[in-house]
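J.: The structure file upload.cif (mmCIF, C-alpha atoms) is provided below.
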```cif
data_protein
#
loop_
_atom_site.label_atom_id
_atom_site.label_comp_id
_atom_site.auth_asym_id
_atom_site.auth_seq_id
_atom_site.Cartn_x
_atom_site.Cartn_y
_atom_site.Cartn_z
CA MET A 200 105.21 132.96 69.53
CA THR A 201 102.70 131.57 71.97
CA THR A 202 102.71 128.40 73.99
CA ARG A 203 99.61 126.37 73.91
CA PRO A 204 98.64 122.97 75.20
CA ASP A 205 98.15 120.01 72.95
CA ARG A 206 94.40 120.11 72.48
CA SER A 207 94.26 117.08 70.27
CA GLY A 208 92.39 114.04 71.43
CA GLU A 209 94.22 110.99 72.67
CA SER A 210 94.30 108.03 70.33
CA GLY A 211 96.68 105.72 68.59
CA ALA A 212 100.21 104.81 69.57
CA ALA A 213 100.59 103.21 72.97
CA SER A 214 103.94 104.92 73.39
CA ALA A 215 102.11 108.23 73.42
CA GLU A 216 100.18 107.31 76.57
CA SER A 217 103.06 107.79 78.99
CA GLY A 218 102.21 111.45 79.52
CA ALA A 219 105.67 112.62 78.45
CA LYS A 220 105.64 115.68 76.20
CA VAL A 221 107.91 117.14 73.59
CA SER A 222 108.04 120.78 72.57
CA ILE A 223 107.85 121.54 68.86
CA VAL A 224 107.19 124.57 66.67
CA LEU A 225 104.20 124.16 64.39
CA ASN A 226 103.58 126.81 61.72
CA GLY A 227 105.49 129.33 63.82
CA GLU A 228 103.78 128.52 67.13
CA ARG A 229 105.37 126.59 69.97
CA ARG A 230 103.31 123.59 71.00
CA SER A 231 103.63 120.77 73.43
CA VAL A 232 102.61 117.37 72.06
CA ALA A 233 102.72 113.80 73.34
CA ASP A 234 106.06 112.06 73.09
CA GLY A 235 106.40 109.13 70.71
CA LEU A 236 104.17 110.38 67.90
CA SER A 237 104.96 109.94 64.24
CA VAL A 238 104.43 112.88 61.90
CA ALA A 239 101.44 110.99 60.47
CA ASP A 240 99.98 110.82 64.01
CA LEU A 241 100.56 114.54 64.45
CA VAL A 242 98.80 115.41 61.19
CA ARG A 243 95.88 113.16 62.11
CA ARG A 244 95.57 114.66 65.61
CA LEU A 245 95.35 118.11 64.06
CA GLY A 246 92.30 116.91 62.17
CA LEU A 247 94.06 117.12 58.82
CA SER A 248 94.12 114.67 55.97
CA ALA A 249 97.66 113.67 55.00
CA GLY A 250 96.59 113.76 51.36
CA MET A 251 95.73 117.46 51.59
CA VAL A 252 98.84 118.86 53.28
CA VAL A 253 102.56 118.99 52.66
CA VAL A 254 104.83 118.71 55.67
CA GLU A 255 108.20 120.37 55.98
CA ARG A 256 110.25 119.25 59.00
CA ASN A 257 113.33 121.25 59.93
CA ARG A 258 113.36 122.73 56.40
CA GLU A 259 113.17 119.36 54.71
CA ILE A 260 110.04 118.30 52.83
CA LEU A 261 108.72 114.94 53.94
CA ALA A 262 107.38 112.58 51.31
CA ARG A 263 103.82 111.45 52.14
CA GLN A 264 104.90 107.83 52.42
CA ALA A 265 107.57 108.84 54.97
CA LEU A 266 105.15 110.52 57.41
CA GLY A 267 104.33 107.32 59.30
CA ALA A 268 107.96 106.39 59.85
CA THR A 269 109.19 109.86 60.81
CA PRO A 270 109.16 110.57 64.57
CA VAL A 271 108.17 113.90 66.10
CA GLU A 272 111.17 114.90 68.22
CA GLU A 273 111.92 117.60 70.77
CA GLY A 274 112.67 120.92 69.09
CA ASP A 275 111.37 119.92 65.65
CA ARG A 276 110.12 122.77 63.51
CA PHE A 277 107.21 121.88 61.26
CA GLU A 278 105.51 123.75 58.46
CA LEU A 279 102.17 122.33 57.35
CA VAL A 280 101.09 123.90 54.07
CA HIS A 281 98.38 123.42 51.50
CA PHE A 282 97.01 125.10 48.39
CA VAL A 283 94.87 128.19 48.79
CA GLY A 284 93.46 130.68 46.29
CA GLY A 285 96.08 132.72 44.49
CA GLY A 286 96.90 134.33 41.18
CA MET B 251 81.19 126.76 7.67
CA ASP B 252 80.08 126.38 11.25
CA ILE B 253 80.58 129.82 12.78
CA ASN B 254 81.31 128.21 16.13
CA CYS B 255 84.20 126.25 14.63
CA HIS B 256 87.35 127.81 15.95
CA PRO B 257 90.18 127.91 13.43
CA ASP B 258 92.88 128.16 16.06
CA GLY B 259 94.18 124.88 17.44
CA PRO B 260 95.36 124.20 20.98
CA PHE B 261 98.69 125.59 22.09
CA GLU B 262 101.35 123.71 23.93
CA ILE B 263 103.50 124.43 26.95
CA ASP B 264 106.27 121.90 27.50
CA GLY B 265 104.47 119.38 25.32
CA ARG B 266 101.11 119.69 27.09
CA ALA B 267 98.22 120.98 24.98
CA PHE B 268 95.76 123.58 26.27
CA GLY B 269 92.59 124.38 24.37
CA SER B 270 91.96 127.65 26.20
CA ARG B 271 94.41 130.52 25.99
CA LEU B 272 92.96 132.01 29.15
CA ILE B 273 94.62 131.04 32.44
CA VAL B 274 92.97 132.20 35.66
CA GLY B 275 93.89 132.58 39.30
CA THR B 276 91.84 131.54 42.31
CA GLY B 277 92.55 134.36 44.77
CA LYS B 278 90.31 137.04 46.27
CA TYR B 279 86.91 135.61 45.34
CA ARG B 280 84.05 136.40 47.70
CA SER B 281 83.24 132.71 48.05
CA ASN B 282 84.48 129.35 46.84
CA PRO B 283 81.28 128.50 44.90
CA GLU B 284 81.54 131.84 43.08
CA MET B 285 85.18 131.10 42.26
CA VAL B 286 84.35 127.70 40.80
CA SER B 287 81.44 129.11 38.77
CA ALA B 288 83.62 131.91 37.39
CA ILE B 289 86.45 129.56 36.46
CA ARG B 290 84.04 127.24 34.65
CA ALA B 291 82.51 130.22 32.80
CA SER B 292 85.96 131.40 31.75
CA GLY B 293 86.66 128.12 29.98
CA ALA B 294 90.17 128.10 31.48
CA GLU B 295 91.93 124.76 31.75
CA MET B 296 94.97 125.94 33.67
CA VAL B 297 94.31 127.48 37.08
CA THR B 298 96.86 128.95 39.50
CA VAL B 299 96.98 128.26 43.24
CA ALA B 300 99.18 129.52 46.08
CA VAL B 301 101.02 127.62 48.82
CA ARG B 302 100.30 128.80 52.37
CA ARG B 303 100.35 127.54 55.93
CA VAL B 304 97.36 125.53 57.04
CA ASP B 305 95.39 127.59 59.57
CA LEU B 306 95.50 125.31 62.61
CA ASP B 307 92.83 127.35 64.38
CA ARG B 308 90.41 127.09 61.48
CA SER B 309 86.77 126.28 62.04
CA VAL B 310 86.32 125.02 58.49
CA GLU B 311 88.80 123.45 56.12
CA GLU B 312 89.74 126.11 53.58
CA GLY B 313 92.20 124.25 51.36
CA ILE B 314 91.40 124.87 47.72
CA LEU B 315 91.53 121.18 46.81
CA HIS B 316 88.23 120.84 48.64
CA HIS B 317 86.71 123.02 45.93
CA LEU B 318 88.75 122.49 42.76
CA ASP B 319 89.15 119.03 41.29
CA PRO B 320 92.64 118.46 39.86
CA ALA B 321 91.02 116.10 37.35
CA GLU B 322 88.92 119.00 35.99
CA PHE B 323 91.60 121.73 35.99
CA PHE B 324 95.35 121.72 35.55
CA LEU B 325 96.45 123.34 38.81
CA LEU B 326 99.57 125.49 38.56
CA PRO B 327 101.21 126.20 41.95
CA ASN B 328 102.71 129.67 42.21
CA THR B 329 105.42 131.26 44.35
CA ALA B 330 103.44 134.46 44.93
CA GLY B 331 104.56 136.52 47.88
CA CYS B 332 108.20 135.42 47.68
CA TYR B 333 110.84 138.15 47.72
CA THR B 334 113.98 136.02 47.33
CA ALA B 335 115.10 133.28 44.96
CA ALA B 336 115.60 130.92 47.91
CA ASP B 337 112.04 131.45 49.16
CA ALA B 338 110.61 130.94 45.69
CA VAL B 339 112.51 127.66 45.30
CA ARG B 340 111.26 126.54 48.72
CA TYR B 341 107.62 127.33 47.86
CA ALA B 342 107.97 125.66 44.46
CA ARG B 343 109.22 122.47 46.07
CA LEU B 344 106.40 122.52 48.63
CA GLY B 345 103.91 122.89 45.79
CA ARG B 346 105.46 120.01 43.90
CA ALA B 347 105.35 117.82 47.01
CA ALA B 348 101.55 118.05 46.90
CA GLY B 349 101.93 115.54 44.10
CA LEU B 350 99.86 117.13 41.33
CA ASN B 351 102.58 117.97 38.81
CA GLU B 352 106.10 119.38 38.50
CA TRP B 353 105.07 122.77 37.17
CA VAL B 354 105.44 126.14 38.83
CA LYS B 355 104.43 129.70 38.12
CA LEU B 356 107.62 131.37 39.30
CA GLU B 357 107.15 134.81 40.79
CA VAL B 358 109.81 136.70 42.78
CA ILE B 359 108.65 140.14 43.83
CA GLY B 360 111.07 143.02 44.19
CA ASP B 361 108.95 145.89 45.46
CA GLU B 362 105.93 146.00 47.75
CA ARG B 363 104.29 149.06 46.24
CA THR B 364 104.33 147.99 42.60
CA LEU B 365 104.78 144.23 43.07
CA LEU B 366 107.16 144.45 40.13
CA PRO B 367 109.35 141.37 39.75
CA ASP B 368 112.94 141.12 40.95
CA THR B 369 114.21 139.95 37.58
CA ALA B 370 117.71 139.00 38.78
CA ALA B 371 116.27 136.84 41.56
CA THR B 372 113.68 135.40 39.16
CA LEU B 373 116.45 134.34 36.80
CA GLU B 374 118.44 132.79 39.64
CA ALA B 375 115.43 130.83 40.88
CA ALA B 376 114.49 129.79 37.33
CA ARG B 377 117.91 128.24 36.76
CA GLU B 378 117.72 126.30 40.02
CA LEU B 379 114.18 125.06 39.42
CA VAL B 380 114.87 124.02 35.83
CA ALA B 381 117.93 122.09 37.05
CA ASP B 382 115.66 120.44 39.63
CA GLY B 383 113.31 119.20 36.91
CA PHE B 384 110.52 121.78 37.15
CA THR B 385 108.52 123.06 34.21
CA VAL B 386 108.92 126.77 34.93
CA MET B 387 106.52 129.47 33.78
CA ALA B 388 108.20 132.70 34.81
CA TYR B 389 106.40 135.92 35.64
CA THR B 390 108.58 138.85 34.60
CA ASN B 391 108.66 142.46 33.53
CA ASP B 392 107.91 143.52 29.95
CA ASP B 393 111.67 143.59 29.42
CA LEU B 394 113.05 141.80 26.37
CA ILE B 395 116.50 141.10 27.77
CA THR B 396 115.18 139.42 30.91
CA ALA B 397 112.70 137.46 28.80
CA LEU B 398 115.53 136.20 26.55
CA ARG B 399 117.57 135.17 29.58
CA LEU B 400 114.63 133.34 31.12
CA GLU B 401 114.22 131.43 27.88
CA ASP B 402 117.95 130.64 27.87
CA ALA B 403 117.58 129.43 31.47
CA GLY B 404 115.15 126.79 30.24
CA CYS B 405 111.78 128.29 31.20
CA ALA B 406 108.90 126.56 29.42
CA ALA B 407 106.95 129.82 29.14
CA VAL B 408 107.79 133.46 29.79
CA MET B 409 105.06 135.64 31.29
CA PRO B 410 105.60 139.37 30.96
CA LEU B 411 103.19 141.65 32.80
CA ALA B 412 100.68 143.86 31.01
CA SER B 413 100.84 146.25 33.98
CA PRO B 414 101.26 145.79 37.76
CA ILE B 415 99.49 142.90 39.49
CA GLY B 416 95.94 143.80 40.48
CA SER B 417 96.15 147.25 38.85
CA GLY B 418 93.68 146.67 36.03
CA LEU B 419 95.60 149.16 33.90
CA GLY B 420 95.71 146.94 30.82
CA VAL B 421 98.68 146.62 28.46
CA VAL B 422 100.83 149.67 29.13
CA ASN B 423 103.49 148.76 26.58
CA PRO B 424 102.14 146.74 23.67
CA TYR B 425 105.29 147.29 21.63
CA TYR B 426 107.46 145.59 24.28
CA ILE B 427 105.01 142.69 24.48
CA ARG B 428 105.07 142.28 20.70
CA GLU B 429 108.84 142.40 20.60
CA ILE B 430 109.13 139.73 23.31
CA LYS B 431 106.73 137.53 21.33
CA ARG B 432 108.69 138.11 18.12
CA ARG B 433 112.04 137.25 19.69
CA LEU B 434 111.32 134.22 21.90
CA ALA B 435 110.44 130.71 20.76
CA VAL B 436 108.73 129.57 23.99
CA PRO B 437 105.08 130.47 24.60
CA ILE B 438 104.45 134.01 25.87
CA ILE B 439 101.65 134.40 28.39
CA VAL B 440 100.84 137.94 29.45
CA ASP B 441 100.38 137.78 33.22
CA ALA B 442 98.88 140.55 35.36
CA GLY B 443 97.30 143.92 34.74
CA VAL B 444 94.26 143.03 32.66
CA GLY B 445 91.23 144.91 34.01
CA THR B 446 88.37 144.26 31.63
CA ALA B 447 87.49 142.43 28.43
CA SER B 448 88.96 145.03 26.08
CA ASP B 449 92.32 144.70 27.86
CA ALA B 450 92.28 140.94 27.31
CA CYS B 451 91.37 141.43 23.67
CA VAL B 452 94.13 144.01 23.11
CA THR B 453 96.57 141.68 24.85
CA MET B 454 95.76 138.78 22.56
CA GLU B 455 95.88 141.08 19.51
CA GLN B 456 99.61 141.49 20.19
CA GLY B 457 100.06 137.88 19.07
CA VAL B 458 100.92 136.37 22.43
CA ASP B 459 99.99 132.77 23.19
CA GLY B 460 97.79 133.41 26.19
CA VAL B 461 96.81 135.64 29.07
CA LEU B 462 96.67 135.01 32.80
CA MET B 463 94.37 136.97 35.09
CA ASN B 464 92.90 136.83 38.58
CA THR B 465 91.71 140.15 40.01
CA ALA B 466 89.84 141.15 36.84
CA LEU B 467 87.45 138.28 37.50
CA ALA B 468 87.49 138.08 41.30
CA ALA B 469 86.99 141.83 41.83
CA ALA B 470 84.33 142.29 39.14
CA GLU B 471 80.83 143.01 40.42
CA ASP B 472 79.74 139.81 38.71
CA PRO B 473 82.75 137.48 38.38
CA VAL B 474 80.82 134.88 36.39
CA GLY B 475 79.65 137.46 33.87
CA MET B 476 83.14 138.90 33.59
CA ALA B 477 84.55 135.41 33.11
CA ARG B 478 82.21 134.87 30.16
CA ALA B 479 83.28 138.23 28.73
CA MET B 480 86.95 137.37 29.16
CA ARG B 481 86.55 134.03 27.42
CA LEU B 482 85.03 135.79 24.41
CA ALA B 483 87.58 138.62 24.52
CA VAL B 484 90.50 136.22 24.46
CA LEU B 485 88.96 134.37 21.51
CA ALA B 486 88.20 137.66 19.74
CA GLY B 487 91.70 139.02 20.27
CA ARG B 488 93.30 135.80 19.09
CA GLU B 489 91.15 135.65 15.97
CA ALA B 490 91.78 139.31 15.20
CA TYR B 491 95.50 138.68 15.48
CA LEU B 492 95.32 135.63 13.20
CA ALA B 493 93.12 137.51 10.72
CA GLY B 494 95.63 140.35 10.45
CA ARG B 495 94.34 143.81 11.13
CA MET B 496 94.08 146.56 8.50
CA PRO B 497 96.73 149.25 8.57
CA SER B 498 95.77 152.17 10.76
CA ARG B 499 96.08 155.64 9.30
CA GLU B 500 95.23 159.05 10.66
CA ILE B 501 92.95 160.01 7.79
CA ALA B 502 89.52 158.84 6.74
CA VAL B 503 89.04 156.57 3.73
CA PRO B 504 85.44 156.12 2.50
CA SER B 505 83.97 152.65 2.64
CA SER B 506 81.32 153.30 -0.03
CA PRO B 507 81.97 154.14 -3.69
CA THR B 508 82.73 157.78 -4.40
CA THR B 509 81.40 157.38 -7.95
CA GLY B 510 77.77 157.07 -8.99
CA MET B 511 76.65 159.80 -6.65
CA LEU B 512 73.57 161.87 -7.55
CA GLU B 513 73.97 165.48 -8.44
CA THR B 514 73.55 167.62 -5.39
CA GLU B 515 73.87 171.23 -4.60
CA ARG B 516 76.73 171.70 -2.23
CA ASP B 517 78.00 175.19 -1.46
#
```
Would you give me this structure, written as structure tokens?
T.:
Amino acid sequence: MTTRPDRSGESGAASAESGAKVSIVLNGERRSVADGLSVADLVRRLGLSAGMVVVERNREILARQALGATPVEEGDRFELVHFVGGG
Amino acid sequence: MDINCHPDGPFEIDGRAFGSRLIVGTGKYRSNPEMVSAIRASGAEMVTVAVRRVDLDRSVEEGILHHLDPAEFFLLPNTAGCYTAADAVRYARLGRAAGLNEWVKLEVIGDERTLLPDTAATLEAARELVADGFTVMAYTNDDLITALRLEDAGCAAVMPLASPIGSGLGVVNPYYIREIKRRLAVPIIVDAGVGTASDACVTMEQGVDGVLMNTALAAAEDPVGMARAMRLAVLAGREAYLAGRMPSREIAVPSSPTTGMLETERD
């Protein structure tokens, strides 16, 4: 597991501008992201379309319509998956 | 009669009709455009996809929904790569959460070398997924008892292998496949092991409802050409099965009259 900075651009929620960070695990990699984000913000900052990915947070699948209201919190473990080629 | 008129109607899985008895995978193609061309040439309506992590370091978006339109194909999420019932259930639920349908191609592998299914774990996962409302199409061994139990568990289709995944060995045990078809009421789709058109034809000649393949197309020198061949082979095998083959016998029987022959000198 590697630590990497949040390379996503700053936009959106004012609460995310404080500079405070939370540490999460994203697809197996530890990352530091701005505090106060929703999961929808996180997906957007990763350059992904919410309609194309499924998000699992702490082993629970999040419904698409719940992404905006679900906060990203310290220690959260996320899996972002999508469909790829397979037999 | 129009020779292009196909006497065989569509077949149904869990109340949904499919005109093509060929189901294809989307893995291992050299490029996405080639994959799409091959799938279109195969005539398949149902197409399998896998659930994997998004590559967060990607330079280009590689999700398959950027290439395959769910309005054109019925996308069947699989649980490929899972080695436990719990993992398979997790992957199935992730696939369902994508919002396309509530179907799953259930696959629980038991051995890395042969990729043969863990039939006990498959049965366990099938029961849980059926209880959770899934339409389950279960990949399994060519074993009648497991097939019967998967049907009892509520699977909408049972999918015995022809031979190991990606092996291209064809149907190694046609008798077992026929017996599974004879004994189960749900559709039987032979899944895995088909290598070339003759294998697909022989598979369909066993009377099964359909055949699922991936590597045979993706690893062919010309996947689009092989897809055309497979489409025809599946049709040919189905029609041969419906037509009822002649008995085979290990002695020749002349096709032309043996009477009315001219006098000849034969020593």
J.: In the coordinate frame of the file, compute which residues have an atom within 12 Å of (107.9, 138.0, 52.2) when using all atoms listed in the file, and state them as a list in words.
T.: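 Answer for this query, in the requested form: Arg302, Thr329, Ala330, Gly331, Cys332, Tyr333, Thr334, Ala335, Ala336, Asp337, Ala338, Tyr341, Glu357, Val358, Ile359, Gly360, Asp361, Glu362 and Leu365 of chain B.
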J.: Each residue of chain A lying at most 12 Å from chain B should get a row with its shortest atom-to-atom pair and the distance in Å to one decimal, counting all atoms listed in the file; could you produce that, ordered by chain and increasing number, as JSON lines?
T.:
```
{"residue": "A:Arg203", "atom": "CA", "partner": "B:Asp307", "partner_atom": "CA", "distance": 11.7}
{"residue": "A:Asp205", "atom": "CA", "partner": "B:Leu306", "partner_atom": "CA", "distance": 11.9}
{"residue": "A:Arg206", "atom": "CA", "partner": "B:Asp307", "partner_atom": "CA", "distance": 11.0}
{"residue": "A:Ser207", "atom": "CA", "partner": "B:Leu306", "partner_atom": "CA", "distance": 11.3}
{"residue": "A:Leu225", "atom": "CA", "partner": "B:Leu306", "partner_atom": "CA", "distance": 9.0}
{"residue": "A:Asn226", "atom": "CA", "partner": "B:Arg303", "partner_atom": "CA", "distance": 6.7}
{"residue": "A:Gly227", "atom": "CA", "partner": "B:Arg303", "partner_atom": "CA", "distance": 9.6}
{"residue": "A:Glu228", "atom": "CA", "partner": "B:Leu306", "partner_atom": "CA", "distance": 10.0}
{"residue": "A:Arg230", "atom": "CA", "partner": "B:Leu306", "partner_atom": "CA", "distance": 11.6}
{"residue": "A:Val242", "atom": "CA", "partner": "B:Leu306", "partner_atom": "CA", "distance": 10.5}
{"residue": "A:Arg244", "atom": "CA", "partner": "B:Leu306", "partner_atom": "CA", "distance": 11.1}
{"residue": "A:Leu245", "atom": "CA", "partner": "B:Leu306", "partner_atom": "CA", "distance": 7.3}
{"residue": "A:Gly246", "atom": "CA", "partner": "B:Leu306", "partner_atom": "CA", "distance": 9.0}
{"residue": "A:Leu247", "atom": "CA", "partner": "B:Glu311", "partner_atom": "CA", "distance": 8.7}
{"residue": "A:Ser248", "atom": "CA", "partner": "B:Glu311", "partner_atom": "CA", "distance": 10.3}
{"residue": "A:Ala249", "atom": "CA", "partner": "B:Ala348", "partner_atom": "CA", "distance": 10.0}
{"residue": "A:Gly250", "atom": "CA", "partner": "B:Ala348", "partner_atom": "CA", "distance": 7.9}
{"residue": "A:Met251", "atom": "CA", "partner": "B:Leu315", "partner_atom": "CA", "distance": 7.4}
{"residue": "A:Val252", "atom": "CA", "partner": "B:Ala348", "partner_atom": "CA", "distance": 7.0}
{"residue": "A:Val253", "atom": "CA", "partner": "B:Ala348", "partner_atom": "CA", "distance": 5.9}
{"residue": "A:Val254", "atom": "CA", "partner": "B:Leu344", "partner_atom": "CA", "distance": 8.2}
{"residue": "A:Glu255", "atom": "CA", "partner": "B:Leu344", "partner_atom": "CA", "distance": 7.9}
{"residue": "A:Arg256", "atom": "CA", "partner": "B:Leu344", "partner_atom": "CA", "distance": 11.5}
{"residue": "A:Arg258", "atom": "CA", "partner": "B:Arg340", "partner_atom": "CA", "distance": 8.8}
{"residue": "A:Glu259", "atom": "CA", "partner": "B:Arg340", "partner_atom": "CA", "distance": 9.5}
{"residue": "A:Ile260", "atom": "CA", "partner": "B:Leu344", "partner_atom": "CA", "distance": 7.0}
{"residue": "A:Leu261", "atom": "CA", "partner": "B:Ala347", "partner_atom": "CA", "distance": 8.2}
{"residue": "A:Ala262", "atom": "CA", "partner": "B:Ala347", "partner_atom": "CA", "distance": 7.1}
{"residue": "A:Arg263", "atom": "CA", "partner": "B:Ala347", "partner_atom": "CA", "distance": 8.3}
{"residue": "A:Gln264", "atom": "CA", "partner": "B:Ala347", "partner_atom": "CA", "distance": 11.4}
{"residue": "A:Phe277", "atom": "CA", "partner": "B:Arg303", "partner_atom": "CA", "distance": 10.4}
{"residue": "A:Glu278", "atom": "CA", "partner": "B:Arg303", "partner_atom": "CA", "distance": 6.9}
{"residue": "A:Leu279", "atom": "CA", "partner": "B:Arg303", "partner_atom": "CA", "distance": 5.7}
{"residue": "A:Val280", "atom": "CA", "partner": "B:Arg303", "partner_atom": "CA", "distance": 4.2}
{"residue": "A:His281", "atom": "CA", "partner": "B:Val301", "partner_atom": "CA", "distance": 5.6}
{"residue": "A:Phe282", "atom": "CA", "partner": "B:Val301", "partner_atom": "CA", "distance": 4.8}
{"residue": "A:Val283", "atom": "CA", "partner": "B:Ile314", "partner_atom": "CA", "distance": 4.9}
{"residue": "A:Gly284", "atom": "CA", "partner": "B:Gly277", "partner_atom": "CA", "distance": 4.1}
{"residue": "A:Gly285", "atom": "CA", "partner": "B:Gly277", "partner_atom": "CA", "distance": 3.9}
{"residue": "A:Gly286", "atom": "CA", "partner": "B:Gly275", "partner_atom": "CA", "distance": 4.0}
```
J.: The selected residues should be written to file as a PDB file, in the frame of the given file (atoms: C-alpha atoms).
T.:
```
ATOM      1  CA  ARG A 203      99.610 126.370  73.910  1.00  0.00           C
ATOM      2  CA  ASP A 205      98.150 120.010  72.950  1.00  0.00           C
ATOM      3  CA  ARG A 206      94.400 120.110  72.480  1.00  0.00           C
ATOM      4  CA  SER A 207      94.260 117.080  70.270  1.00  0.00           C
ATOM      5  CA  LEU A 225     104.200 124.160  64.390  1.00  0.00           C
ATOM      6  CA  ASN A 226     103.580 126.810  61.720  1.00  0.00           C
ATOM      7  CA  GLY A 227     105.490 129.330  63.820  1.00  0.00           C
ATOM      8  CA  GLU A 228     103.780 128.520  67.130  1.00  0.00           C
ATOM      9  CA  ARG A 230     103.310 123.590  71.000  1.00  0.00           C
ATOM     10  CA  VAL A 242      98.800 115.410  61.190  1.00  0.00           C
ATOM     11  CA  ARG A 244      95.570 114.660  65.610  1.00  0.00           C
ATOM     12  CA  LEU A 245      95.350 118.110  64.060  1.00  0.00           C
ATOM     13  CA  GLY A 246      92.300 116.910  62.170  1.00  0.00           C
ATOM     14  CA  LEU A 247      94.060 117.120  58.820  1.00  0.00           C
ATOM     15  CA  SER A 248      94.120 114.670  55.970  1.00  0.00           C
ATOM     16  CA  ALA A 249      97.660 113.670  55.000  1.00  0.00           C
ATOM     17  CA  GLY A 250      96.590 113.760  51.360  1.00  0.00           C
ATOM     18  CA  MET A 251      95.730 117.460  51.590  1.00  0.00           C
ATOM     19  CA  VAL A 252      98.840 118.860  53.280  1.00  0.00           C
ATOM     20  CA  VAL A 253     102.560 118.990  52.660  1.00  0.00           C
ATOM     21  CA  VAL A 254     104.830 118.710  55.670  1.00  0.00           C
ATOM     22  CA  GLU A 255     108.200 120.370  55.980  1.00  0.00           C
ATOM     23  CA  ARG A 256     110.250 119.250  59.000  1.00  0.00           C
ATOM     24  CA  ARG A 258     113.360 122.730  56.400  1.00  0.00           C
ATOM     25  CA  GLU A 259     113.170 119.360  54.710  1.00  0.00           C
ATOM     26  CA  ILE A 260     110.040 118.300  52.830  1.00  0.00           C
ATOM     27  CA  LEU A 261     108.720 114.940  53.940  1.00  0.00           C
ATOM     28  CA  ALA A 262     107.380 112.580  51.310  1.00  0.00           C
ATOM     29  CA  ARG A 263     103.820 111.450  52.140  1.00  0.00           C
ATOM     30  CA  GLN A 264     104.900 107.830  52.420  1.00  0.00           C
ATOM     31  CA  PHE A 277     107.210 121.880  61.260  1.00  0.00           C
ATOM     32  CA  GLU A 278     105.510 123.750  58.460  1.00  0.00           C
ATOM     33  CA  LEU A 279     102.170 122.330  57.350  1.00  0.00           C
ATOM     34  CA  VAL A 280     101.090 123.900  54.070  1.00  0.00           C
ATOM     35  CA  HIS A 281      98.380 123.420  51.500  1.00  0.00           C
ATOM     36  CA  PHE A 282      97.010 125.100  48.390  1.00  0.00           C
ATOM     37  CA  VAL A 283      94.870 128.190  48.790  1.00  0.00           C
ATOM     38  CA  GLY A 284      93.460 130.680  46.290  1.00  0.00           C
ATOM     39  CA  GLY A 285      96.080 132.720  44.490  1.00  0.00           C
ATOM     40  CA  GLY A 286      96.900 134.330  41.180  1.00  0.00           C
TER      41      GLY A 286
END
```
J.: Quick one: of B:Ala291, B:Leu379, B:Leu366, B:Met387, who's nearest to Ala406 (chain B), counting all atoms listed in the file?
T.: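 Going through B:Ala291, B:Leu379, B:Leu366, B:Met387 one by one, the smallest distance to Ala406 (chain B) is for B:Met387.
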J.: Mind checking which residues fall within 9 Å of region 445-449 of chain B, counting all atoms listed in the file, ignoring those fewer than 2 positions away in the same chain, and posting them as a list in words?
T.: Ala412, Gly416, Ser417, Gly418, Leu419, Gly420, Val421, Ala442, Gly443, Cys451, Val452, Thr453, Met454, Met463, Thr465, Ala466, Leu467, Ala470, Met476, Ala477, Ala479, Met480, Arg481, Leu482, Ala483, Val484 and Gly487 of chain B
J.: So, counting only C-alpha atoms, which residue among B:Asp264, B:Asn351, B:Val458, B:Val422 is closest to Cys405 (chain B)?
T.: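 Selected residue with least distance to Cys405 (chain B): B:Asp264.
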J.: Just the residues within 9 Å of Ile395 (chain B), please, counting all atoms listed in the file, with nothing from its chain fewer than 4 positions along; format it as a PyMOL selection string.
T.: chain B and resi 399-400+430
J.: Would you work out the distance separating CA of Asp402 (chain B) from CA of Pro414 (chain B), expressed in Å to one decimal?
T.: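 Interatomic distance here is 24.6 Å.
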J.: So the first atom is CA of Gly267 (chain A) and the second is CA of His317 (chain B); what is the distance between them in Å, to one decimal place?
T.: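 Separating CA of Gly267 (chain A) from CA of His317 (chain B) is a distance of 27.1 Å.
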J.: By how many Å are CA of Pro367 (chain B) and CA of Ile438 (chain B) apart?
T.: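 Those two atoms sit 16.5 Å apart.
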J.: Kindly resolve the PyMOL selection byres ((chain B and resi 426) around 12) on the present coordinates and return the residues as a list in words.
T.: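 Evaluating the PyMOL selection byres ((chain B and resi 426) around 12) on this file yields Asn391, Asp392, Asp393, Leu394, Ile395, Thr396, Ala397, Pro410, Leu411, Ala412, Ser413, Val421, Val422, Asn423, Pro424, Tyr425, Ile427, Arg428, Glu429, Ile430, Lys431, Arg432, Arg433, Val440, Thr453, Gln456, Gly457 and Val458 of chain B.
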J.: Hey, can you spit out that residue selection with C-alpha atoms as a compact mmCIF listing (two decimals), keeping the file's coordinate frame?
T.:
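That gives us selection.txt:
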```
# COMPACT_ATOMS: atom_id res chain seq x y z
CA ASN B 391 108.66 142.46 33.53
CA ASP B 392 107.91 143.52 29.95
CA ASP B 393 111.67 143.59 29.42
CA LEU B 394 113.05 141.80 26.37
CA ILE B 395 116.50 141.10 27.77
CA THR B 396 115.18 139.42 30.91
CA ALA B 397 112.70 137.46 28.80
CA PRO B 410 105.60 139.37 30.96
CA LEU B 411 103.19 141.65 32.80
CA ALA B 412 100.68 143.86 31.01
CA SER B 413 100.84 146.25 33.98
CA VAL B 421 98.68 146.62 28.46
CA VAL B 422 100.83 149.67 29.13
CA ASN B 423 103.49 148.76 26.58
CA PRO B 424 102.14 146.74 23.67
CA TYR B 425 105.29 147.29 21.63
CA ILE B 427 105.01 142.69 24.48
CA ARG B 428 105.07 142.28 20.70
CA GLU B 429 108.84 142.40 20.60
CA ILE B 430 109.13 139.73 23.31
CA LYS B 431 106.73 137.53 21.33
CA ARG B 432 108.69 138.11 18.12
CA ARG B 433 112.04 137.25 19.69
CA VAL B 440 100.84 137.94 29.45
CA THR B 453 96.57 141.68 24.85
CA GLN B 456 99.61 141.49 20.19
CA GLY B 457 100.06 137.88 19.07
CA VAL B 458 100.92 136.37 22.43
```
